[in-house]
file coords17.txt (compact mmCIF, C-alpha atoms and all ligand atoms)
# COMPACT_ATOMS: atom_id res chain seq x y z
CA MET A 1 115.60 80.35 175.15
CA SER A 2 116.25 84.01 174.42
CA ASP A 3 114.75 86.53 176.83
CA LEU A 4 114.37 89.05 174.01
CA SER A 5 110.82 90.07 173.21
CA VAL A 6 109.61 91.07 169.76
CA TYR A 7 107.07 93.39 171.35
CA LYS A 8 109.74 95.27 173.33
CA ILE A 9 111.96 95.57 170.25
CA LEU A 10 109.05 97.00 168.27
CA GLN A 11 108.31 99.45 171.07
CA LYS A 12 111.93 100.55 171.14
CA LYS A 13 112.14 101.17 167.40
CA ARG A 14 108.74 102.86 167.41
CA ASP A 15 110.15 105.28 170.01
CA SER A 16 113.23 105.95 167.82
CA LYS A 17 115.68 104.20 170.13
CA ALA A 18 118.72 102.41 168.72
CA LEU A 19 118.57 98.61 168.67
CA SER A 20 121.43 96.37 169.72
CA LYS A 21 123.09 93.78 167.52
CA ASP A 22 121.33 90.97 169.45
CA GLU A 23 117.93 92.59 169.03
CA ILE A 24 118.41 93.02 165.28
CA ASN A 25 119.71 89.45 164.91
CA PHE A 26 116.72 88.18 166.87
CA ILE A 27 114.24 89.91 164.55
CA ILE A 28 115.97 88.89 161.32
CA SER A 29 116.64 85.27 162.23
CA GLY A 30 113.11 84.93 163.69
CA TYR A 31 111.52 86.28 160.54
CA THR A 32 113.70 84.15 158.26
CA ASP A 33 112.89 80.90 160.13
CA GLY A 34 109.19 81.76 160.33
CA SER A 35 108.91 82.18 164.11
CA ILE A 36 108.16 85.90 163.75
CA PRO A 37 104.99 86.46 161.69
CA ASP A 38 104.47 88.94 158.85
CA TYR A 39 102.36 91.30 161.00
CA GLN A 40 105.18 91.84 163.52
CA MET A 41 107.82 92.15 160.79
CA SER A 42 105.59 94.69 159.00
CA SER A 43 105.49 96.72 162.21
CA PHE A 44 109.29 96.50 162.50
CA LEU A 45 109.71 97.66 158.91
CA MET A 46 107.34 100.59 159.32
CA ALA A 47 108.97 101.62 162.61
CA THR A 48 112.37 101.49 160.88
CA TYR A 49 111.03 103.41 157.92
CA LEU A 50 109.72 106.16 160.22
CA SER A 51 112.47 106.24 162.87
CA GLY A 52 115.49 105.36 160.71
CA MET A 53 118.62 103.60 161.93
CA ASN A 54 122.05 104.85 162.85
CA LYS A 55 125.24 103.63 161.12
CA LYS A 56 125.84 100.86 163.65
CA GLU A 57 122.29 99.52 163.46
CA THR A 58 122.45 99.58 159.66
CA ALA A 59 125.66 97.55 159.77
CA HIS A 60 124.08 95.06 162.23
CA LEU A 61 121.02 94.73 160.01
CA THR A 62 123.24 94.14 156.98
CA GLU A 63 125.24 91.51 158.85
CA ALA A 64 122.13 89.71 160.10
CA MET A 65 120.73 89.57 156.56
CA LEU A 66 124.08 88.59 155.05
CA TYR A 67 124.48 85.58 157.37
CA SER A 68 120.88 84.45 156.86
CA GLY A 69 122.29 82.42 153.94
CA ASP A 70 125.47 81.20 152.28
CA THR A 71 128.45 83.40 151.56
CA LEU A 72 130.96 82.77 148.79
CA SER A 73 134.64 82.64 149.48
CA ILE A 74 136.65 83.41 146.37
CA ALA A 75 139.96 85.12 147.23
CA THR A 76 141.40 87.49 149.81
CA LYS A 77 141.89 90.26 147.26
CA GLY A 78 141.03 91.29 143.74
CA VAL A 79 137.31 90.36 143.88
CA VAL A 80 135.21 93.37 142.88
CA ASP A 81 131.62 93.94 141.83
CA LYS A 82 129.50 96.93 140.90
CA HIS A 83 126.05 97.81 142.14
CA SER A 84 123.85 100.28 140.36
CA THR A 85 120.60 101.56 141.82
CA GLY A 86 119.23 101.13 138.30
CA GLY A 87 117.21 103.07 135.85
CA VAL A 88 116.14 103.29 132.22
CA GLY A 89 118.63 101.86 129.73
CA ASP A 90 121.12 101.13 132.51
CA LYS A 91 123.19 98.34 131.03
CA THR A 92 126.79 98.91 132.08
CA SER A 93 127.20 95.48 133.77
CA PHE A 94 127.67 93.64 130.44
CA ILE A 95 130.40 96.07 129.47
CA ILE A 96 132.34 96.66 132.67
CA ALA A 97 132.41 93.08 133.99
CA PRO A 98 134.33 91.76 130.93
CA ILE A 99 136.59 94.84 130.80
CA ALA A 100 137.56 94.43 134.47
CA ALA A 101 137.93 90.66 134.10
CA ALA A 102 140.14 91.15 131.04
CA ALA A 103 142.34 93.35 133.26
CA GLY A 104 142.66 90.52 135.81
CA VAL A 105 139.92 91.49 138.30
CA MET A 106 137.57 88.73 139.51
CA VAL A 107 133.98 89.85 138.97
CA PRO A 108 131.20 87.81 140.61
CA MET A 109 128.32 89.65 139.01
CA ILE A 110 125.02 88.54 140.54
CA SER A 111 122.10 90.47 139.14
CA GLY A 112 118.38 90.75 139.58
CA ARG A 113 115.24 91.03 137.47
CA GLY A 114 113.55 94.29 136.58
CA LEU A 115 110.28 95.49 137.99
CA GLY A 116 108.34 98.63 137.17
CA HIS A 117 110.11 101.24 135.07
CA THR A 118 113.65 99.89 135.54
CA GLY A 119 115.17 97.04 133.56
CA GLY A 120 116.94 94.04 135.08
CA THR A 121 120.32 92.68 134.01
CA LEU A 122 119.19 89.10 134.50
CA ASP A 123 116.23 89.63 132.13
CA LYS A 124 118.57 90.98 129.45
CA LEU A 125 120.67 87.83 129.70
CA ASP A 126 117.54 85.83 128.83
CA ALA A 127 117.91 87.19 125.30
CA ILE A 128 121.07 85.04 124.86
CA LYS A 129 120.13 81.56 123.66
CA GLY A 130 121.15 78.76 126.02
CA ILE A 131 122.84 80.86 128.69
CA LYS A 132 122.59 79.43 132.20
CA THR A 133 122.47 81.98 135.01
CA ALA A 134 121.35 79.81 137.96
CA ILE A 135 124.80 78.74 139.10
CA ASN A 136 125.51 77.06 142.43
CA ALA A 137 128.34 78.16 144.72
CA LYS A 138 130.97 75.60 143.69
CA PRO A 139 130.76 76.03 139.89
CA PHE A 140 130.37 79.78 140.45
CA VAL A 141 133.71 80.01 142.28
CA LYS A 142 135.33 77.67 139.71
CA GLN A 143 134.17 79.92 136.86
CA ILE A 144 135.43 83.06 138.59
CA LYS A 145 138.85 81.49 138.99
CA GLU A 146 138.99 80.18 135.41
CA VAL A 147 137.30 82.98 133.46
CA GLY A 148 137.38 85.92 135.89
CA CYS A 149 133.76 86.81 135.33
CA VAL A 150 130.30 85.33 135.96
CA PHE A 151 126.89 86.64 134.89
CA GLY A 152 124.69 85.04 137.55
CA GLY A 153 121.30 85.37 139.15
CA GLN A 154 120.55 85.42 142.87
CA THR A 155 120.04 81.88 144.19
CA LYS A 156 117.72 81.00 147.08
CA LYS A 157 120.78 80.58 149.29
CA ILE A 158 122.10 84.14 148.92
CA ALA A 159 120.66 86.43 151.64
CA PRO A 160 117.30 84.62 151.98
CA ALA A 161 116.25 87.12 154.67
CA ASP A 162 116.41 89.88 152.05
CA LYS A 163 114.20 87.94 149.64
CA LYS A 164 111.51 87.50 152.29
CA ILE A 165 111.80 91.02 153.70
CA TYR A 166 111.85 92.67 150.26
CA ALA A 167 108.58 90.95 149.33
CA LEU A 168 107.01 92.30 152.53
CA ARG A 169 108.43 95.82 152.01
CA ASP A 170 106.93 95.82 148.54
CA VAL A 171 103.40 95.52 149.97
CA THR A 172 103.81 97.56 153.18
CA ALA A 173 105.03 100.85 151.66
CA THR A 174 108.46 100.47 153.26
CA VAL A 175 110.74 100.18 150.22
CA GLU A 176 112.04 103.77 150.26
CA SER A 177 114.00 103.60 153.50
CA ILE A 178 117.76 104.26 153.44
CA PRO A 179 118.74 101.66 156.13
CA LEU A 180 116.44 99.02 154.64
CA ILE A 181 117.73 99.64 151.11
CA THR A 182 121.34 99.68 152.35
CA ALA A 183 121.02 96.36 154.19
CA SER A 184 119.16 94.81 151.26
CA ILE A 185 121.79 95.79 148.68
CA MET A 186 124.86 95.25 150.84
CA SER A 187 123.83 91.85 152.26
CA LYS A 188 123.58 90.46 148.72
CA LYS A 189 126.80 92.07 147.50
CA LEU A 190 128.81 91.00 150.57
CA ALA A 191 127.53 87.43 150.18
CA GLU A 192 129.34 87.31 146.80
CA GLY A 193 132.67 87.35 148.63
CA ILE A 194 133.81 90.72 147.30
CA ASN A 195 136.77 92.72 148.64
CA GLY A 196 135.77 95.88 146.83
CA LEU A 197 132.61 97.48 145.48
CA VAL A 198 131.82 100.15 142.93
CA LEU A 199 128.54 101.93 143.57
CA ASP A 200 126.67 103.72 140.81
CA ILE A 201 123.97 105.74 142.54
CA LYS A 202 121.58 107.21 140.01
CA THR A 203 119.57 110.36 140.38
CA GLY A 204 117.05 112.11 138.14
CA ASN A 205 113.50 111.36 137.11
CA GLY A 206 114.20 107.78 135.92
CA ALA A 207 116.04 106.79 139.10
CA PHE A 208 114.86 104.98 142.17
CA MET A 209 116.14 107.99 144.16
CA ALA A 210 114.85 110.78 141.94
CA LYS A 211 116.01 113.62 144.22
CA LYS A 212 119.73 114.32 144.46
CA SER A 213 119.59 114.73 148.26
CA GLN A 214 118.07 111.23 148.62
CA ALA A 215 120.69 109.75 146.30
CA VAL A 216 123.49 111.44 148.27
CA ASN A 217 122.13 110.01 151.55
CA LEU A 218 121.88 106.52 150.06
CA ALA A 219 125.41 106.79 148.64
CA GLU A 220 126.73 107.82 152.06
CA SER A 221 124.92 104.98 153.83
CA LEU A 222 126.15 102.35 151.33
CA LYS A 223 129.70 103.68 151.53
CA ASN A 224 129.68 103.65 155.36
CA THR A 225 128.38 100.10 155.43
CA ALA A 226 130.98 98.92 152.90
CA LEU A 227 133.70 100.53 155.04
CA ASN A 228 132.28 98.90 158.15
CA PHE A 229 132.83 95.53 156.48
CA GLY A 230 136.39 96.45 155.53
CA LYS A 231 135.69 96.93 151.81
CA ASN A 232 137.33 99.42 149.49
CA GLY A 233 135.37 101.13 146.82
CA TYR A 234 134.21 103.98 144.68
CA VAL A 235 130.89 105.73 144.75
CA PHE A 236 129.59 107.54 141.68
CA LEU A 237 126.58 109.81 141.64
CA THR A 238 125.30 109.70 138.06
CA ASP A 239 122.50 111.10 135.95
CA MET A 240 119.29 109.23 135.16
CA SER A 241 117.23 112.12 133.81
CA GLN A 242 117.36 110.52 130.34
CA PRO A 243 117.99 106.91 129.21
CA LEU A 244 121.61 105.81 129.39
CA GLY A 245 122.80 105.17 125.84
CA ASN A 246 120.19 105.10 123.07
CA ALA A 247 118.50 101.73 123.58
CA VAL A 248 115.81 100.72 126.07
CA GLY A 249 114.76 97.08 125.73
CA HIS A 250 116.37 93.72 126.27
CA SER A 251 117.86 92.59 122.93
CA ILE A 252 118.54 96.12 121.73
CA GLU A 253 120.37 96.99 124.96
CA LEU A 254 122.56 93.90 124.59
CA ILE A 255 123.40 94.97 121.04
CA GLU A 256 124.34 98.43 122.31
CA CYS A 257 126.67 96.85 124.90
CA ILE A 258 128.39 94.80 122.21
CA GLU A 259 128.79 97.97 120.15
CA VAL A 260 130.54 99.62 123.14
CA LEU A 261 132.80 96.57 123.50
CA LYS A 262 133.59 96.92 119.77
CA GLY A 263 134.49 100.60 120.36
CA LYS A 264 131.45 101.85 118.44
CA GLY A 265 128.95 102.54 121.23
CA PRO A 266 127.22 105.78 122.21
CA LYS A 267 129.39 108.34 123.98
CA ASP A 268 127.54 108.57 127.32
CA LEU A 269 127.36 104.80 127.82
CA THR A 270 130.99 104.38 126.76
CA GLU A 271 132.25 107.14 129.07
CA LEU A 272 130.36 105.92 132.12
CA SER A 273 131.38 102.31 131.46
CA LEU A 274 135.04 103.32 131.22
CA ASP A 275 134.75 105.21 134.53
CA LEU A 276 133.09 102.31 136.34
CA ALA A 277 135.44 99.70 134.85
CA ALA A 278 138.45 101.87 135.79
CA ALA A 279 137.22 102.06 139.38
CA MET A 280 136.90 98.26 139.46
CA ILE A 281 140.38 97.80 137.99
CA HIS A 282 141.89 100.27 140.47
CA ILE A 283 140.34 98.76 143.62
CA GLY A 284 140.94 95.29 142.19
CA GLY A 285 144.66 96.05 142.39
CA GLN A 286 145.35 95.83 138.66
CA SER A 287 146.37 99.46 138.28
CA SER A 288 148.09 101.95 140.57
CA SER A 289 145.70 104.83 139.85
CA PHE A 290 142.26 105.54 138.48
CA THR A 291 143.77 107.40 135.50
CA LYS A 292 145.99 104.47 134.55
CA ALA A 293 143.09 102.06 135.06
CA ARG A 294 140.92 104.12 132.71
CA ALA A 295 143.58 104.06 130.01
CA LEU A 296 143.86 100.29 130.47
CA ALA A 297 140.07 99.91 130.18
CA GLU A 298 140.16 101.79 126.87
CA GLU A 299 143.03 99.66 125.64
CA LEU A 300 141.11 96.48 126.52
CA ILE A 301 138.23 97.67 124.34
CA ASN A 302 140.51 98.72 121.47
CA SER A 303 142.42 95.43 121.47
CA GLY A 304 139.23 93.33 121.49
CA ALA A 305 140.25 91.68 124.80
CA ALA A 306 137.13 92.87 126.63
CA LEU A 307 134.81 91.60 123.87
CA ASN A 308 136.66 88.26 123.86
CA LYS A 309 136.16 88.05 127.64
CA PHE A 310 132.44 88.67 127.16
CA ILE A 311 132.27 85.87 124.57
CA GLU A 312 134.28 83.52 126.78
CA THR A 313 131.93 84.17 129.73
CA VAL A 314 128.77 83.61 127.67
CA GLU A 315 130.15 80.37 126.17
CA TYR A 316 131.36 79.09 129.55
CA GLN A 317 127.77 79.47 130.78
CA GLY A 318 126.45 77.49 127.80
CA GLY A 319 125.27 80.52 125.84
CA ASP A 320 125.34 80.94 122.06
CA SER A 321 127.72 83.85 121.44
CA SER A 322 127.13 84.00 117.67
CA PHE A 323 124.84 87.01 118.19
CA VAL A 324 127.97 89.10 118.79
CA LYS A 325 128.66 88.84 115.03
CA ASN A 326 125.05 88.54 113.91
CA TYR A 327 122.55 90.54 115.95
CA LYS A 328 119.65 88.82 114.14
CA LYS A 329 120.32 85.81 116.36
CA LEU A 330 118.76 87.70 119.27
CA PRO A 331 114.98 87.85 119.77
CA THR A 332 113.78 90.60 117.43
CA ALA A 333 110.53 92.57 117.37
CA GLN A 334 108.29 92.03 114.34
CA LYS A 335 107.81 95.75 113.62
CA ARG A 336 109.69 99.02 113.75
CA VAL A 337 107.83 102.32 113.84
CA SER A 338 109.39 105.78 113.63
CA VAL A 339 108.23 108.59 115.88
CA LYS A 340 108.94 111.91 114.18
CA ALA A 341 109.42 115.36 115.71
CA GLU A 342 106.45 117.65 115.15
CA LYS A 343 108.55 120.80 115.50
CA SER A 344 112.16 121.93 115.16
CA GLY A 345 114.32 122.88 118.12
CA PHE A 346 116.41 121.24 120.82
CA ILE A 347 115.54 118.28 123.03
CA SER A 348 115.06 119.84 126.47
CA GLU A 349 113.64 117.10 128.63
CA MET A 350 112.86 113.39 128.67
CA LYS A 351 110.34 111.99 131.13
CA ASN A 352 112.51 109.06 131.90
CA LYS A 353 110.40 107.17 134.42
CA LYS A 354 107.39 107.45 132.12
CA ILE A 355 109.55 106.20 129.23
CA GLY A 356 110.44 103.14 131.31
CA LEU A 357 106.79 102.59 132.12
CA ALA A 358 105.80 103.06 128.45
CA ALA A 359 108.14 100.16 127.54
CA ILE A 360 105.92 97.90 129.66
CA GLU A 361 103.00 98.74 127.34
CA ILE A 362 104.73 96.84 124.51
CA GLY A 363 105.92 93.97 126.71
CA GLY A 364 109.39 95.41 127.33
CA GLY A 365 109.06 95.22 131.12
CA ARG A 366 106.86 93.75 133.79
CA ARG A 367 104.27 95.19 136.13
CA VAL A 368 104.18 92.16 138.42
CA LYS A 369 106.80 89.49 138.96
CA THR A 370 104.93 86.87 136.91
CA ASP A 371 104.64 89.01 133.73
CA LYS A 372 106.43 87.56 130.70
CA ILE A 373 108.82 89.91 128.92
CA ASN A 374 108.92 90.46 125.16
CA LEU A 375 112.70 90.44 124.71
CA GLY A 376 112.74 92.06 121.26
CA ALA A 377 110.57 95.02 122.30
CA GLY A 378 111.92 98.45 123.14
CA PHE A 379 112.68 102.02 122.16
CA TYR A 380 115.72 103.32 120.30
CA PHE A 381 116.31 107.03 120.94
CA HIS A 382 118.03 108.90 118.11
CA LYS A 383 118.44 112.08 120.14
CA LYS A 384 119.63 113.03 123.63
CA ILE A 385 118.93 116.12 125.74
CA GLY A 386 120.56 119.15 124.12
CA ASP A 387 120.54 117.70 120.58
CA ARG A 388 119.16 119.75 117.72
CA VAL A 389 116.15 118.25 115.98
CA LYS A 390 114.34 119.16 112.77
CA LYS A 391 110.59 118.84 112.24
CA GLY A 392 109.91 115.44 110.61
CA GLU A 393 113.12 113.88 111.87
CA THR A 394 112.89 110.53 113.65
CA ILE A 395 113.42 110.95 117.37
CA VAL A 396 112.54 107.41 118.52
CA THR A 397 112.08 104.03 116.86
CA ILE A 398 109.59 101.74 118.57
CA HIS A 399 110.36 98.01 118.28
CA HIS A 400 107.20 96.00 118.88
CA ASP A 401 105.35 92.83 118.02
CA GLU A 402 102.21 92.79 115.88
CA LYS A 403 99.96 92.07 118.86
CA TYR A 404 100.74 95.49 120.36
CA LYS A 405 99.82 97.43 117.19
CA ASN A 406 96.72 99.02 118.73
CA ILE A 407 98.81 100.73 121.41
CA ILE A 408 101.27 102.30 118.96
CA PRO A 409 99.22 105.43 118.00
CA LYS A 410 98.82 106.24 121.72
CA LEU A 411 102.56 105.70 122.32
CA LYS A 412 103.51 107.92 119.37
CA HIS A 413 101.24 110.65 120.69
CA MET A 414 102.77 110.30 124.17
CA PHE A 415 106.32 110.55 122.84
CA VAL A 416 105.78 113.81 120.97
CA ASN A 417 103.42 115.47 123.44
CA GLU A 418 104.54 114.27 126.83
CA LEU A 419 107.67 112.16 127.03
CA ILE A 420 110.14 114.14 124.91
CA LEU A 421 110.02 117.92 125.11
CA ILE A 422 111.49 120.27 122.51
CA GLU A 423 112.45 123.93 123.09
CA ALA A 424 112.83 126.35 120.21
CA SER A 425 116.04 127.87 121.55
CA ALA A 426 119.18 126.13 122.81
CA LYS A 427 119.41 128.83 125.49
CA ASN A 428 116.53 127.23 127.39
CA VAL A 429 118.12 123.77 127.42
CA LYS A 430 120.46 122.49 130.08
CA ALA A 431 121.73 118.90 130.03
CA ASN A 432 122.83 117.45 133.37
CA PRO A 433 126.38 116.18 133.74
CA LEU A 434 126.65 112.42 133.24
CA VAL A 435 128.71 112.03 136.43
CA TYR A 436 127.94 114.46 139.26
CA LYS A 437 130.48 113.09 141.68
CA LYS A 438 133.12 110.37 141.91
CA GLN A 439 134.65 109.48 145.25
CA SER A 440 136.92 106.65 146.28
CA PHE A 441 136.91 105.12 149.77
CA TRP A 442 139.56 102.94 151.36
CA SER A 443 139.02 100.84 154.42
CA LYS A 444 141.54 101.01 157.25
CA LYS A 445 140.64 97.48 158.32
N1 LIG B 501 117.54 97.13 145.36
C1 LIG B 501 117.68 96.19 146.33
O1 LIG B 501 118.34 95.17 146.12
N2 LIG B 501 117.08 96.39 147.49
C2 LIG B 501 116.37 97.49 147.79
O2 LIG B 501 115.87 97.61 148.89
C3 LIG B 501 116.22 98.46 146.79
C4 LIG B 501 116.83 98.26 145.58
call {"tool": "encode", "arguments": {"input": "coords17.txt", "output": "C-alpha cells"}}
result
Amino acid sequence: MSDLSVYKILQKKRDSKALSKDEINFIISGYTDGSIPDYQMSSFLMATYLSGMNKKETAHLTEAMLYSGDTLSIATKGVVDKHSTGGVGDKTSFIIAPIAAAAGVMVPMISGRGLGHTGGTLDKLDAIKGIKTAINAKPFVKQIKEVGCVFGGQTKKIAPADKKIYALRDVTATVESIPLITASIMSKKLAEGINGLVLDIKTGNGAFMAKKSQAVNLAESLKNTALNFGKNGYVFLTDMSQPLGNAVGHSIELIECIEVLKGKGPKDLTELSLDLAAAMIHIGGQSSSFTKARALAEELINSGAALNKFIETVEYQGGDSSFVKNYKKLPTAQKRVSVKAEKSGFISEMKNKKIGLAAIEIGGGRRVKTDKINLGAGFYFHKKIGDRVKKGETIVTIHHDEKYKNIIPKLKHMFVNELILIEASAKNVKANPLVYKKQSFWSKK
C-alpha cells in the first residue's frame, strides 16, 4: 500500500511546488484504473493549469501517460512521425508520410478526429471507400515493415490515460495548459515507437495557439520533452492565419493532397510539405542534410514514387485507390455555389478560425464528438492573402448538400462582409511568412 496521499499531492501542486515522479505516477495510474475519482483529478488538472510544471515534471507526466497503455516497438532507428497542432485546411500528413516512406523512412502515422474549427486527419481518411484505420499492434508493425507507412487511428490501448484525462480537460477548462498539452501529445507519439519527431506548431487566428508567444512556449516544451526521451527532431513554427492550401473539407482536401503528390498542388501546401518531409527524411537517416533531403523529397514527387507509396498504403489497408485517377469516386457535395467579391482590391485578412467554424454549418466538421460529418462539404478558396481580386470575381466556392441550402445566403454574406477582408491598396496588406522558424534538435542520449 502506497503512503502517498492524493490530498497532499493536490495541496502541493496548488501551492506551486514541484511534484516527484512517484507522485505523478500515483495520480495518473490511480485515475486510469478508476481509484482516483473525477473530482480529485479535476482539482489536479486545475492546479496544474494554474501553477504549471517544470521540465522534469512534464517529462514524468508524459512518461506516466505513455506507460498507461501499450507501446509499439518497430526498429531502433529510422522511425519518424510528424505532429501538427492543427488548423484549417491542415492536410500535410497525406503528403509527407508517403514521401518520407518512399525515401525509406518508417512512418507510423496515428491520427485523430477533428473537433471544433480544426479538421482531423482520421476523418479525411473516411472519404476513402473501404479503408481500415483501426489497426492492432501486430499488423500495424507488419505494415510499417512491409510498406513503410501506415495511416492509423488511435486505439484504446495507446495512452489510455490521455483519452480519459483529455475528456475531463475538455469539460473543466483545462485544455490550454502547456504541460498538459505536451504530455498529451508526446505520450501518444512516443507510444508509436518513434525515434524521431517533426513538430509543426501553428500560430495565427486559425491555430490552437493563436498567439506566437504561446506557440513558441509549446514548441519549446515539446522539444524539451522529446529530447528528454532521447528523440531527435525538427520543430517548425508555421502560419495558420489563413487556410493551408485552397481546400477546406474532407474530400476536397484529399484531392488537393493528391494534386500535390502529382506535382500540381498549391504553392504554400507544396512548400510546407516538402519542408516537413525533408525534416523526416533527414532525421530518419535517409539523407545527410536537410537540403539534400528536400531535393530528394521533390524528386520523389516528380518521379511518381511518393504517389505510388500513397496508393500502396491505401490498398494495403483495404481502401479503394481508384479515386486518385477519378476524383468523382470520393463523396461529393450535391451543389457548388460561388461567392463573388463585392469590391476590387487585395485580400488583406482571412478570419481563419471563423472559416473553420463556418464549415461546421454545412456539415464539414463537428461540434460534439457524436456529430456526423458530411465528407463532400467544404470551401475552396480561389485567393490567398495578398492576392489581387476584381469585383465580381469568385473568391470562394461553397460545396454543400441540398439540405443546407437555407444557410447558404447567410454564409455568402459572412464571407464577403466578415470572413475575407479586401483592402483597396496593396500597401496596406502584409502576408505572414509560411514558416516563421525551423530548428533541428539532436539528442545526446
Ligand atoms: N492535441 C492533443 O493531442 N492533446 C492536447 O492536449 C491538445 C491537442
call {"tool": "closest_residue", "arguments": {"input": "coords17.txt", "among": "A:Glu176, A:Asp22, A:Glu349, A:Asp33", "to": "ligand LIG 501 (chain B)", "atoms": "only C-alpha atoms and all ligand atoms"}}
result
A:Glu176
call {"tool": "residues_near_ligand", "arguments": {"input": "coords17.txt", "ligand": "ligand LIG 501 (chain B)", "cutoff": "6 Å", "atoms": "only C-alpha atoms and all ligand atoms", "output": "list in words"}}
result
Val175, Leu180, Ile181, Ser184 and Ile185 of chain A
call {"tool": "residues_around", "arguments": {"input": "coords17.txt", "residues": "range 302-304 of chain A", "least_positions_apart": "5", "cutoff": "12 Å", "atoms": "all atoms listed in the file", "output": "MDAnalysis selection string"}}
result
chainID A and resid 98:99 102:103 258:264 295:297 309:311
call {"tool": "closest_residue", "arguments": {"input": "coords17.txt", "among": "A:Pro266, A:Gly230, A:Gly376, A:Gly206", "to": "Lys335 in chain A", "atoms": "only C-alpha atoms"}}
result
A:Gly376
call {"tool": "residues_around", "arguments": {"input": "coords17.txt", "residues": "Lys124 in chain A", "least_positions_apart": "6", "cutoff": "10 Å", "atoms": "only C-alpha atoms", "output": "ChimeraX atom specification"}}
result
/A:91,94,113-114,249-254,373,375
call {"tool": "residues_around", "arguments": {"input": "coords17.txt", "residues": "Phe44 in chain A", "least_positions_apart": "4", "cutoff": "10 Å", "atoms": "all atoms listed in the file", "output": "short mmCIF file (atom, residue, chain, number, x, y, z; two decimals) with C-alpha atoms, keeping the file's coordinate frame"}}
result
data_model
loop_
_atom_site.label_atom_id
_atom_site.label_comp_id
_atom_site.auth_asym_id
_atom_site.auth_seq_id
_atom_site.Cartn_x
_atom_site.Cartn_y
_atom_site.Cartn_z
CA VAL A 6 109.61 91.07 169.76
CA TYR A 7 107.07 93.39 171.35
CA ILE A 9 111.96 95.57 170.25
CA LEU A 10 109.05 97.00 168.27
CA GLN A 11 108.31 99.45 171.07
CA LYS A 12 111.93 100.55 171.14
CA LYS A 13 112.14 101.17 167.40
CA ARG A 14 108.74 102.86 167.41
CA ILE A 27 114.24 89.91 164.55
CA ASP A 38 104.47 88.94 158.85
CA TYR A 39 102.36 91.30 161.00
CA GLN A 40 105.18 91.84 163.52
CA THR A 48 112.37 101.49 160.88
CA TYR A 49 111.03 103.41 157.92
CA LEU A 50 109.72 106.16 160.22
#
call {"tool": "atom_distance", "arguments": {"input": "coords17.txt", "atom1": "CA of Ile201 in chain A", "atom2": "CA of Thr238 in chain A"}}
result
6.1 Å
call {"tool": "atom_distance", "arguments": {"input": "coords17.txt", "atom1": "CA of Ser20 in chain A", "atom2": "CA of Leu222 in chain A"}}
result
19.9 Å
call {"tool": "atom_distance", "arguments": {"input": "coords17.txt", "atom1": "CA of Ala424 in chain A", "atom2": "CA of Asn352 in chain A"}}
result
20.9 Å
call {"tool": "closest_residue", "arguments": {"input": "coords17.txt", "among": "A:Arg336, A:Lys372, A:Lys438, A:Lys354", "to": "Phe290 in chain A", "atoms": "all atoms listed in the file"}}
result
A:Lys438
call {"tool": "residues_near_point", "arguments": {"input": "coords17.txt", "point": "(133.6, 104.7, 131.7)", "cutoff": "12 Å", "atoms": "only C-alpha atoms", "output": "NGL selection string"}}
result
:A and (92-93 or 95-97 or 99-100 or 200 or 236 or 238 or 260-261 or 265-281 or 290-291 or 293-298 or 301 or 434-435 or 438)
call {"tool": "closest_residue", "arguments": {"input": "coords17.txt", "among": "A:Lys231, A:Lys369, A:Lys390, A:Lys329", "to": "Gly196 in chain A", "atoms": "all atoms listed in the file"}}
result
A:Lys231
